[in-house]
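Colleague: What follows is model-v9.cif, mmCIF, C-alpha atoms.
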data_coords
loop_
_atom_site.group_PDB
_atom_site.id
_atom_site.type_symbol
_atom_site.label_atom_id
_atom_site.label_comp_id
_atom_site.auth_asym_id
_atom_site.auth_seq_id
_atom_site.Cartn_x
_atom_site.Cartn_y
_atom_site.Cartn_z
ATOM 1 C CA MET A 185 107.265 75.297 100.409
ATOM 2 C CA ALA A 186 103.805 74.119 101.437
ATOM 3 C CA LYS A 187 100.429 73.966 99.768
ATOM 4 C CA PHE A 188 97.672 74.664 102.288
ATOM 5 C CA VAL A 189 94.077 73.658 101.602
ATOM 6 C CA ARG A 190 90.718 73.885 103.319
ATOM 7 C CA PHE A 191 88.721 70.716 102.950
ATOM 8 C CA ASP A 192 85.743 68.749 104.179
ATOM 9 C CA SER A 193 86.080 65.035 104.767
ATOM 10 C CA GLY A 194 82.489 64.782 105.971
ATOM 11 C CA ARG A 195 83.319 66.135 109.412
ATOM 12 C CA GLY A 196 83.180 69.846 108.562
ATOM 13 C CA ALA A 197 85.742 72.305 107.279
ATOM 14 C CA ALA A 198 89.386 71.819 108.280
ATOM 15 C CA TYR A 199 92.806 72.973 107.132
ATOM 16 C CA GLY A 200 95.393 70.661 105.680
ATOM 17 C CA VAL A 201 98.546 70.357 103.614
ATOM 18 C CA LEU A 202 98.392 69.010 100.071
ATOM 19 C CA GLU A 203 101.276 66.686 99.250
ATOM 20 C CA GLY A 204 100.982 64.949 95.912
ATOM 21 C CA ASP A 205 97.532 63.361 95.805
ATOM 22 C CA LYS A 206 97.071 63.341 99.595
ATOM 23 C CA VAL A 207 95.671 65.875 102.045
ATOM 24 C CA PHE A 208 97.121 65.782 105.569
ATOM 25 C CA PRO A 209 95.087 67.587 108.259
ATOM 26 C CA VAL A 210 96.988 70.137 110.326
ATOM 27 C CA SER A 211 96.626 71.196 113.938
ATOM 28 C CA GLY A 212 97.263 74.748 115.048
ATOM 29 C CA SER A 213 96.953 77.623 112.587
ATOM 30 C CA ILE A 214 98.282 77.874 109.031
ATOM 31 C CA PHE A 215 98.719 81.597 109.786
ATOM 32 C CA GLY A 216 101.062 80.809 112.680
ATOM 33 C CA ASN A 217 102.322 77.546 114.149
ATOM 34 C CA TRP A 218 100.973 74.300 112.760
ATOM 35 C CA GLU A 219 101.748 70.590 112.705
ATOM 36 C CA LYS A 220 100.902 68.008 110.066
ATOM 37 C CA SER A 221 99.064 64.866 111.111
ATOM 38 C CA ASP A 222 100.455 61.394 110.445
ATOM 39 C CA TYR A 223 97.445 60.306 108.406
ATOM 40 C CA GLY A 224 96.201 61.681 105.135
ATOM 41 C CA TYR A 225 93.172 61.486 102.852
ATOM 42 C CA HIS A 226 93.387 60.842 99.159
ATOM 43 C CA VAL A 227 92.405 64.137 97.538
ATOM 44 C CA GLU A 228 89.435 62.453 95.833
ATOM 45 C CA GLU A 229 88.064 61.432 99.254
ATOM 46 C CA VAL A 230 87.535 65.038 100.346
ATOM 47 C CA LYS A 231 85.867 68.158 99.035
ATOM 48 C CA LEU A 232 88.289 71.036 98.566
ATOM 49 C CA LEU A 233 86.861 74.347 99.755
ATOM 50 C CA ALA A 234 87.967 77.931 99.238
ATOM 51 C CA PRO A 235 91.437 77.766 100.852
ATOM 52 C CA CYS A 236 90.707 80.439 103.481
ATOM 53 C CA GLU A 237 87.892 82.585 104.844
ATOM 54 C CA PRO A 238 88.666 86.255 104.118
ATOM 55 C CA THR A 239 87.016 89.177 105.841
ATOM 56 C CA LYS A 240 87.334 91.000 102.506
ATOM 57 C CA VAL A 241 88.675 90.655 98.981
ATOM 58 C CA VAL A 242 90.613 93.619 97.619
ATOM 59 C CA CYS A 243 90.977 93.658 93.834
ATOM 60 C CA VAL A 244 93.297 95.586 91.540
ATOM 61 C CA GLY A 245 92.114 96.772 88.134
ATOM 62 C CA THR A 246 94.157 97.578 85.024
ATOM 63 C CA ASN A 247 97.421 96.057 86.260
ATOM 64 C CA TYR A 248 98.975 94.407 83.182
ATOM 65 C CA ARG A 249 101.123 96.384 80.767
ATOM 66 C CA GLU A 250 99.812 94.492 77.739
ATOM 67 C CA VAL A 251 96.235 95.478 78.624
ATOM 68 C CA ILE A 252 97.247 99.147 78.807
ATOM 69 C CA GLU A 253 99.133 98.937 75.513
ATOM 70 C CA LYS A 254 96.193 97.340 73.709
ATOM 71 C CA LYS A 255 93.862 100.064 74.982
ATOM 72 C CA GLY A 256 96.352 102.775 74.082
ATOM 73 C CA GLU A 257 96.029 104.250 77.557
ATOM 74 C CA ALA A 258 98.567 105.584 80.024
ATOM 75 C CA ALA A 259 99.498 103.342 82.949
ATOM 76 C CA PRO A 260 97.862 104.316 86.273
ATOM 77 C CA GLU A 261 100.086 106.205 88.698
ATOM 78 C CA GLU A 262 98.931 104.048 91.604
ATOM 79 C CA PRO A 263 96.963 100.800 91.944
ATOM 80 C CA VAL A 264 93.263 101.076 91.081
ATOM 81 C CA ILE A 265 91.458 99.105 93.770
ATOM 82 C CA PHE A 266 87.930 97.942 94.534
ATOM 83 C CA LEU A 267 86.341 95.497 96.974
ATOM 84 C CA LYS A 268 84.465 92.242 96.655
ATOM 85 C CA PRO A 269 82.455 90.937 99.619
ATOM 86 C CA SER A 270 83.419 87.727 101.373
ATOM 87 C CA THR A 271 80.092 86.288 100.190
ATOM 88 C CA SER A 272 81.404 86.311 96.607
ATOM 89 C CA VAL A 273 84.026 83.673 97.469
ATOM 90 C CA ILE A 274 83.584 80.063 96.334
ATOM 91 C CA GLY A 275 86.013 77.160 96.027
ATOM 92 C CA PRO A 276 87.107 74.595 93.444
ATOM 93 C CA GLU A 277 84.457 72.675 91.501
ATOM 94 C CA GLU A 278 81.730 75.048 92.699
ATOM 95 C CA ALA A 279 79.267 76.762 90.391
ATOM 96 C CA ILE A 280 79.445 80.354 89.218
ATOM 97 C CA VAL A 281 75.785 81.378 89.129
ATOM 98 C CA ILE A 282 74.687 83.848 86.453
ATOM 99 C CA PRO A 283 72.143 86.268 87.975
ATOM 100 C CA PRO A 284 68.939 86.527 85.885
ATOM 101 C CA GLU A 285 69.487 90.248 85.214
ATOM 102 C CA VAL A 286 73.018 89.748 83.847
ATOM 103 C CA LYS A 287 73.319 89.450 80.071
ATOM 104 C CA GLU A 288 77.126 89.318 79.751
ATOM 105 C CA LEU A 289 79.373 87.625 82.285
ATOM 106 C CA ASN A 290 83.181 87.713 81.954
ATOM 107 C CA PHE A 291 85.978 85.564 83.378
ATOM 108 C CA GLU A 292 89.317 87.055 84.486
ATOM 109 C CA VAL A 293 92.200 84.901 85.736
ATOM 110 C CA GLU A 294 94.159 86.580 88.541
ATOM 111 C CA LEU A 295 96.971 85.876 90.973
ATOM 112 C CA VAL A 296 95.593 86.230 94.498
ATOM 113 C CA VAL A 297 97.714 87.180 97.513
ATOM 114 C CA VAL A 298 96.775 85.617 100.865
ATOM 115 C CA ILE A 299 97.586 87.752 103.900
ATOM 116 C CA LYS A 300 99.314 86.045 106.842
ATOM 117 C CA ASP A 301 99.394 88.663 109.625
ATOM 118 C CA ARG A 302 97.448 91.789 110.481
ATOM 119 C CA ALA A 303 98.916 94.467 108.223
ATOM 120 C CA ARG A 304 98.538 98.205 108.680
ATOM 121 C CA CYS A 305 100.740 100.830 106.976
ATOM 122 C CA VAL A 306 103.512 98.402 106.026
ATOM 123 C CA SER A 307 106.292 99.436 103.659
ATOM 124 C CA PRO A 308 106.977 97.642 100.346
ATOM 125 C CA GLU A 309 110.145 96.285 101.958
ATOM 126 C CA GLU A 310 108.116 94.805 104.821
ATOM 127 C CA ALA A 311 105.172 93.616 102.724
ATOM 128 C CA ARG A 312 106.378 90.091 101.947
ATOM 129 C CA ASP A 313 106.589 89.337 105.667
ATOM 130 C CA TYR A 314 102.806 89.706 105.748
ATOM 131 C CA ILE A 315 102.121 87.309 102.874
ATOM 132 C CA LEU A 316 101.259 83.683 103.619
ATOM 133 C CA GLY A 317 101.216 82.645 99.971
ATOM 134 C CA TYR A 318 99.266 82.763 96.742
ATOM 135 C CA THR A 319 96.227 81.150 95.172
ATOM 136 C CA CYS A 320 94.408 81.207 91.839
ATOM 137 C CA GLY A 321 91.443 83.521 91.398
ATOM 138 C CA ASN A 322 88.749 84.306 88.860
ATOM 139 C CA ASP A 323 87.438 87.873 89.049
ATOM 140 C CA VAL A 324 84.004 87.135 87.588
ATOM 141 C CA THR A 325 82.416 90.314 86.284
ATOM 142 C CA ALA A 326 78.939 91.325 85.091
ATOM 143 C CA LYS A 327 79.939 93.406 82.079
ATOM 144 C CA ASP A 328 76.437 94.918 81.968
ATOM 145 C CA PHE A 329 77.145 96.981 85.077
ATOM 146 C CA MET A 330 80.754 98.096 84.547
ATOM 147 C CA GLU A 331 79.522 101.471 83.292
ATOM 148 C CA LYS A 332 75.984 101.616 84.644
ATOM 149 C CA GLY A 333 76.950 100.398 88.096
ATOM 150 C CA LYS A 334 80.142 102.334 88.785
ATOM 151 C CA PRO A 335 82.220 102.070 90.942
ATOM 152 C CA TRP A 336 81.936 98.385 89.926
ATOM 153 C CA THR A 337 80.466 97.082 93.179
ATOM 154 C CA ARG A 338 77.405 95.642 91.470
ATOM 155 C CA ALA A 339 79.374 94.281 88.514
ATOM 156 C CA LYS A 340 81.861 92.512 90.759
ATOM 157 C CA GLY A 341 80.046 91.747 93.985
ATOM 158 C CA TYR A 342 77.431 89.070 93.292
ATOM 159 C CA ASP A 343 77.513 85.787 95.196
ATOM 160 C CA THR A 344 79.855 83.219 93.521
ATOM 161 C CA PHE A 345 81.778 85.955 91.630
ATOM 162 C CA MET A 346 85.151 85.192 93.305
ATOM 163 C CA PRO A 347 86.267 81.587 92.848
ATOM 164 C CA VAL A 348 89.611 80.896 94.559
ATOM 165 C CA GLY A 349 91.802 77.840 95.058
ATOM 166 C CA PRO A 350 92.699 75.060 94.906
ATOM 167 C CA CYS A 351 95.409 75.770 97.493
ATOM 168 C CA ILE A 352 97.592 78.459 99.044
ATOM 169 C CA ALA A 353 101.116 77.953 97.744
ATOM 170 C CA THR A 354 103.968 79.293 99.869
ATOM 171 C CA GLY A 355 107.592 79.857 98.937
ATOM 172 C CA ILE A 356 107.004 81.035 95.352
ATOM 173 C CA ASP A 357 107.729 84.364 93.671
ATOM 174 C CA GLY A 358 104.407 86.050 92.953
ATOM 175 C CA ASP A 359 106.082 88.507 90.582
ATOM 176 C CA ASN A 360 107.197 85.870 88.098
ATOM 177 C CA LEU A 361 104.599 83.175 87.498
ATOM 178 C CA ALA A 362 102.971 81.883 84.331
ATOM 179 C CA ILE A 363 99.240 82.660 84.473
ATOM 180 C CA ARG A 364 96.599 81.118 82.197
ATOM 181 C CA MET A 365 92.870 80.645 81.769
ATOM 182 C CA TYR A 366 91.155 77.811 79.941
ATOM 183 C CA HIS A 367 87.565 78.260 78.739
ATOM 184 C CA ASN A 368 85.877 74.972 77.820
ATOM 185 C CA GLY A 369 89.346 73.483 77.381
ATOM 186 C CA LYS A 370 90.663 76.272 75.132
ATOM 187 C CA LEU A 371 93.582 78.433 76.263
ATOM 188 C CA VAL A 372 92.229 82.013 76.253
ATOM 189 C CA GLN A 373 94.546 83.920 78.608
ATOM 190 C CA ASP A 374 98.293 83.307 78.665
ATOM 191 C CA SER A 375 100.727 85.685 80.368
ATOM 192 C CA ASN A 376 103.142 86.070 83.267
ATOM 193 C CA THR A 377 102.777 88.059 86.464
ATOM 194 C CA SER A 378 106.057 89.800 85.582
ATOM 195 C CA ASP A 379 103.896 91.914 83.234
ATOM 196 C CA MET A 380 102.081 93.464 86.196
ATOM 197 C CA ILE A 381 102.467 97.238 86.449
ATOM 198 C CA PHE A 382 102.455 97.085 90.239
ATOM 199 C CA GLY A 383 104.160 94.121 91.859
ATOM 200 C CA VAL A 384 102.955 92.201 94.862
ATOM 201 C CA ALA A 385 104.909 94.134 97.521
ATOM 202 C CA LYS A 386 103.789 97.503 96.170
ATOM 203 C CA ILE A 387 100.139 96.412 96.121
ATOM 204 C CA VAL A 388 100.151 94.990 99.660
ATOM 205 C CA SER A 389 101.832 98.115 101.004
ATOM 206 C CA PHE A 390 99.472 100.434 99.127
ATOM 207 C CA VAL A 391 96.336 98.659 100.329
ATOM 208 C CA SER A 392 97.618 98.449 103.923
ATOM 209 C CA HIS A 393 97.886 102.237 104.028
ATOM 210 C CA ILE A 394 94.158 102.463 103.218
ATOM 211 C CA MET A 395 92.677 99.619 105.240
ATOM 212 C CA THR A 396 93.830 97.077 107.789
ATOM 213 C CA LEU A 397 94.430 93.667 106.255
ATOM 214 C CA ASN A 398 93.542 90.654 108.392
ATOM 215 C CA PRO A 399 94.929 87.100 108.279
ATOM 216 C CA GLY A 400 93.191 85.277 105.439
ATOM 217 C CA ASP A 401 92.251 88.423 103.534
ATOM 218 C CA LEU A 402 92.741 88.227 99.771
ATOM 219 C CA ILE A 403 94.209 90.688 97.291
ATOM 220 C CA SER A 404 93.477 89.855 93.654
ATOM 221 C CA THR A 405 96.147 91.475 91.511
ATOM 222 C CA GLY A 406 94.533 92.061 88.112
ATOM 223 C CA THR A 407 94.065 90.143 84.884
ATOM 224 C CA PRO A 408 96.068 89.876 81.655
ATOM 225 C CA PRO A 409 94.482 90.230 78.192
ATOM 226 C CA GLY A 410 91.983 87.686 76.925
ATOM 227 C CA LYS A 411 89.040 87.861 79.312
ATOM 228 C CA GLY A 412 85.877 86.535 77.716
ATOM 229 C CA VAL A 413 82.207 85.659 78.048
ATOM 230 C CA LEU A 414 80.702 82.894 80.204
ATOM 231 C CA ASN A 415 77.515 81.004 79.418
ATOM 232 C CA PRO A 416 75.542 78.327 81.280
ATOM 233 C CA GLY A 417 77.248 74.956 80.991
ATOM 234 C CA ASP A 418 80.728 76.411 80.526
ATOM 235 C CA ILE A 419 83.813 75.218 82.390
ATOM 236 C CA VAL A 420 86.565 77.686 83.342
ATOM 237 C CA GLU A 421 89.974 76.720 84.695
ATOM 238 C CA ALA A 422 92.379 79.297 86.111
ATOM 239 C CA GLU A 423 95.940 77.993 86.216
ATOM 240 C CA ILE A 424 99.012 79.592 87.804
ATOM 241 C CA GLU A 425 102.518 78.191 87.893
ATOM 242 C CA GLY A 426 103.452 76.687 91.235
ATOM 243 C CA ILE A 427 99.872 76.761 92.539
ATOM 244 C CA GLY A 428 97.705 74.536 90.365
ATOM 245 C CA ARG A 429 94.427 74.752 88.496
ATOM 246 C CA LEU A 430 91.123 76.125 89.781
ATOM 247 C CA LYS A 431 88.127 74.587 87.997
ATOM 248 C CA ASN A 432 84.588 75.971 88.152
ATOM 249 C CA TYR A 433 81.318 75.419 86.346
ATOM 250 C CA VAL A 434 78.793 77.981 85.156
ATOM 251 C CA LYS A 435 75.080 77.780 85.613
#
Could I get this file's structure written as structure tokens?
Modeller:
Amino acid sequence: MAKFVRFDSGRGAAYGVLEGDKVFPVSGSIFGNWEKSDYGYHVEEVKLLAPCEPTKVVCVGTNYREVIEKKGEAAPEEPVIFLKPSTSVIGPEEAIVIPPEVKELNFEVELVVVIKDRARCVSPEEARDYILGYTCGNDVTAKDFMEKGKPWTRAKGYDTFMPVGPCIATGIDGDNLAIRMYHNGKLVQDSNTSDMIFGVAKIVSFVSHIMTLNPGDLISTGTPPGKGVLNPGDIVEAEIEGIGRLKNYVK
């Protein structure tokens, strides 16, 4: 099991491995062969960035059974997907910026899959071979435009609307992880990814039959109940078992 990070020590962006409170730079590629350096930085000496640079972010809507039950709706027959642009991605400790035209902004904690290899038309049985690991995500949403702006591109696609991090955790089971969100220190979302209607392998396979997935691409797998409203000055922290906690500010 490894925890990969992207960081800046003052020399520009680089990849590394997080071990305890130290970040060790790596040579090679985290998506292939890599080697850890002998020296490490204390994590407080570097700035953690979004842990990879995706060409796209694919998101899944309505993917927790408890959400469906509370709405009294039938479960979807297949994953409901939409896209976020790469420009929506930010990293830990960065600011979520509320656009002036947005009156209601929501947070949504989500497990995010990080793709390892180019994936096209892979089966559910093959899907895990194409997964590097998992990270925490926050599917920030302008509630104002969920109806007016269908099919959600405007509501979901603003700059800073996809915080991810703090690391990419490998060797964990994405289908059975505690998932939580803290809003100004208060626990507001508390579930487990085992409640997902469509598991990780099914989602990766489904998406790969629609579009080619590239190394570093992200698939955000949906949010459990409890999403709420963000205001300037707020702090949101997405936490997932085995990965860590992603902290962002709102302005």
Colleague: Between atom CA of Thr246 of chain A and atom CA of Gly355 of chain A, what is the distance, to one decimal in Å?
Modeller: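 Going from atom CA of Thr246 of chain A over to atom CA of Gly355 of chain A, I get 26.2 Å.
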Colleague: Could you please give me, as a PDB file with C-alpha atoms, keeping the file's coordinate frame, the residues of protein, DNA or RNA lying at most 9 Å from (97.3, 80.0, 86.0) in the coordinate frame of the file, considering all atoms listed in the file?
Modeller:
ATOM      1  CA  VAL A 293      92.200  84.901  85.736  1.00  0.00           C
ATOM      2  CA  GLU A 294      94.159  86.580  88.541  1.00  0.00           C
ATOM      3  CA  LEU A 295      96.971  85.876  90.973  1.00  0.00           C
ATOM      4  CA  CYS A 320      94.408  81.207  91.839  1.00  0.00           C
ATOM      5  CA  GLY A 321      91.443  83.521  91.398  1.00  0.00           C
ATOM      6  CA  LEU A 361     104.599  83.175  87.498  1.00  0.00           C
ATOM      7  CA  ALA A 362     102.971  81.883  84.331  1.00  0.00           C
ATOM      8  CA  ILE A 363      99.240  82.660  84.473  1.00  0.00           C
ATOM      9  CA  ARG A 364      96.599  81.118  82.197  1.00  0.00           C
ATOM     10  CA  MET A 365      92.870  80.645  81.769  1.00  0.00           C
ATOM     11  CA  TYR A 366      91.155  77.811  79.941  1.00  0.00           C
ATOM     12  CA  GLN A 373      94.546  83.920  78.608  1.00  0.00           C
ATOM     13  CA  ASP A 374      98.293  83.307  78.665  1.00  0.00           C
ATOM     14  CA  SER A 375     100.727  85.685  80.368  1.00  0.00           C
ATOM     15  CA  ASN A 376     103.142  86.070  83.267  1.00  0.00           C
ATOM     16  CA  GLU A 421      89.974  76.720  84.695  1.00  0.00           C
ATOM     17  CA  ALA A 422      92.379  79.297  86.111  1.00  0.00           C
ATOM     18  CA  GLU A 423      95.940  77.993  86.216  1.00  0.00           C
ATOM     19  CA  ILE A 424      99.012  79.592  87.804  1.00  0.00           C
ATOM     20  CA  GLU A 425     102.518  78.191  87.893  1.00  0.00           C
ATOM     21  CA  GLY A 426     103.452  76.687  91.235  1.00  0.00           C
ATOM     22  CA  ILE A 427      99.872  76.761  92.539  1.00  0.00           C
ATOM     23  CA  GLY A 428      97.705  74.536  90.365  1.00  0.00           C
ATOM     24  CA  ARG A 429      94.427  74.752  88.496  1.00  0.00           C
ATOM     25  CA  LEU A 430      91.123  76.125  89.781  1.00  0.00           C
TER      26      LEU A 430
END
Colleague: For the structure provided, state which residues fall under the PyMOL selection byres ((chain A and resi 411) around 9), and present them as a list in words.
Modeller: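 After applying the PyMOL selection byres ((chain A and resi 411) around 9), what remains is Asn290, Phe291, Glu292, Val293, Met365, Val372, Gln373, Thr407, Pro408, Pro409, Gly410, Gly412 and Val413 of chain A.
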Colleague: Could you write those residues out with C-alpha atoms, as a CSV table (one decimal), in the frame of the given file?
Modeller:
chain,number,residue,atom,x,y,z
A,290,ASN,CA,83.2,87.7,82.0
A,291,PHE,CA,86.0,85.6,83.4
A,292,GLU,CA,89.3,87.1,84.5
A,293,VAL,CA,92.2,84.9,85.7
A,365,MET,CA,92.9,80.6,81.8
A,372,VAL,CA,92.2,82.0,76.3
A,373,GLN,CA,94.5,83.9,78.6
A,407,THR,CA,94.1,90.1,84.9
A,408,PRO,CA,96.1,89.9,81.7
A,409,PRO,CA,94.5,90.2,78.2
A,410,GLY,CA,92.0,87.7,76.9
A,412,GLY,CA,85.9,86.5,77.7
A,413,VAL,CA,82.2,85.7,78.0
Colleague: Tell me which residues the PyMOL selection byres ((chain A and resi 240) around 6) grabs here, as a PyMOL selection string.
Modeller: chain A and resi 238-239+241+269-270+401
Colleague: Could those selected residues go to a file with C-alpha atoms, as an mmCIF file, in the coordinates of the input?
Modeller:
data_model
loop_
_atom_site.group_PDB
_atom_site.id
_atom_site.type_symbol
_atom_site.label_atom_id
_atom_site.label_comp_id
_atom_site.auth_asym_id
_atom_site.auth_seq_id
_atom_site.Cartn_x
_atom_site.Cartn_y
_atom_site.Cartn_z
ATOM 1 C CA PRO A 238 88.666 86.255 104.118
ATOM 2 C CA THR A 239 87.016 89.177 105.841
ATOM 3 C CA VAL A 241 88.675 90.655 98.981
ATOM 4 C CA PRO A 269 82.455 90.937 99.619
ATOM 5 C CA SER A 270 83.419 87.727 101.373
ATOM 6 C CA ASP A 401 92.251 88.423 103.534
#
Colleague: Would you compute the distance between atom CA of Lys340 of chain A and atom CA of Tyr318 of chain A? Give it in Å to one decimal.
Modeller: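 Separating atom CA of Lys340 of chain A from atom CA of Tyr318 of chain A is a distance of 20.8 Å.
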Colleague: Please measure the separation of atom CA of Phe266 of chain A and atom CA of Cys243 of chain A, giving the value in Å to one decimal.
Modeller: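 About the pair atom CA of Phe266 of chain A and atom CA of Cys243 of chain A: they are 5.3 Å apart.
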Colleague: Identify, on the basis of all atoms listed in the file, every residue whose closest approach to segment 272-283 of chain A does not exceed 6 Å; exclude the query and any residue fewer than 6 positions from it along the same chain; express the result as a list of chain:residue names.
Modeller: A:Leu233, A:Ala234, A:Tyr342, A:Asp343, A:Thr344, A:Phe345, A:Met346, A:Pro347, A:Val348, A:Gly349, A:Pro350, A:Leu430, A:Lys431, A:Asn432, A:Tyr433, A:Val434, A:Lys435
Colleague: Could you list as an NGL selection string every residue that has an atom within 10 Å of (109.6, 90.3, 90.0), using the file's coordinates and counting all atoms listed in the file?
Modeller: :A and (357-361 or 377-380 or 382-385)
Colleague: Nearest to Val207 of chain A: which of A:Val306, A:Val297, A:Cys351, A:Leu267 is it, counting all atoms listed in the file?
Modeller: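 With all atoms listed in the file as the atom set, the closest residue is A:Cys351.
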Colleague: Kindly indicate which residue among A:Thr405, A:Ser193, A:Thr337, A:Asn247 lies nearest to Leu232 of chain A, using only C-alpha atoms for the distances.
Modeller: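 Looking at the shortest contact to Leu232 of chain A, the residue is A:Ser193.
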Colleague: Can you pull out the residues contacting segment 224-227 of chain A? Cut-off 6 Å, using only C-alpha atoms, and skip same-chain residues under 6 positions away; I want them as a ChimeraX atom specification.
Modeller: /A:205-208
Colleague: Excluding segment 213-217 of chain A and any residue of its chain fewer than 4 positions from it, enumerate the residues within 10 Å of it, using all atoms listed in the file, and give them as a JSON list (two decimals) with C-alpha atoms, in the coordinates of the input.
Modeller:
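Below you can see result-v2.json, which holds the result:
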[["chain", "number", "residue", "atom", "x", "y", "z"],
["A", 188, "PHE", "CA", 97.67, 74.66, 102.29],
["A", 189, "VAL", "CA", 94.08, 73.66, 101.60],
["A", 199, "TYR", "CA", 92.81, 72.97, 107.13],
["A", 200, "GLY", "CA", 95.39, 70.66, 105.68],
["A", 201, "VAL", "CA", 98.55, 70.36, 103.61],
["A", 236, "CYS", "CA", 90.71, 80.44, 103.48],
["A", 298, "VAL", "CA", 96.78, 85.62, 100.86],
["A", 299, "ILE", "CA", 97.59, 87.75, 103.90],
["A", 300, "LYS", "CA", 99.31, 86.04, 106.84],
["A", 301, "ASP", "CA", 99.39, 88.66, 109.62],
["A", 314, "TYR", "CA", 102.81, 89.71, 105.75],
["A", 315, "ILE", "CA", 102.12, 87.31, 102.87],
["A", 316, "LEU", "CA", 101.26, 83.68, 103.62],
["A", 399, "PRO", "CA", 94.93, 87.10, 108.28],
["A", 400, "GLY", "CA", 93.19, 85.28, 105.44]]
Colleague: As a check of understanding, name the residues that the PyMOL selection byres ((chain A and resi 392) around 12) selects in the supplied structure, as a PyMOL selection string.
Modeller: chain A and resi 242+265+299+301-308+310-311+314+385-391+393-398+401+403
Colleague: Let me make sure I understand: among A:Gly245, A:Gly406, A:Gly417, A:Gly341, which one has the smallest atom-to-atom distance to Pro260 of chain A if we use all atoms listed in the file?
Modeller: A:Gly245
Colleague: Using only C-alpha atoms, which of the listed residues (A:Lys370, A:Lys220, A:Lys231, A:Lys255) sits closest to Asp192 of chain A?
Modeller: A:Lys231
Colleague: I need the residue nearest Thr319 of chain A from this list: A:Leu402, A:Gly196, A:Val210, A:Asn368. Use all atoms listed in the file for the distance.
Modeller: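 Among the listed residues, the smallest separation from Thr319 of chain A belongs to A:Leu402.
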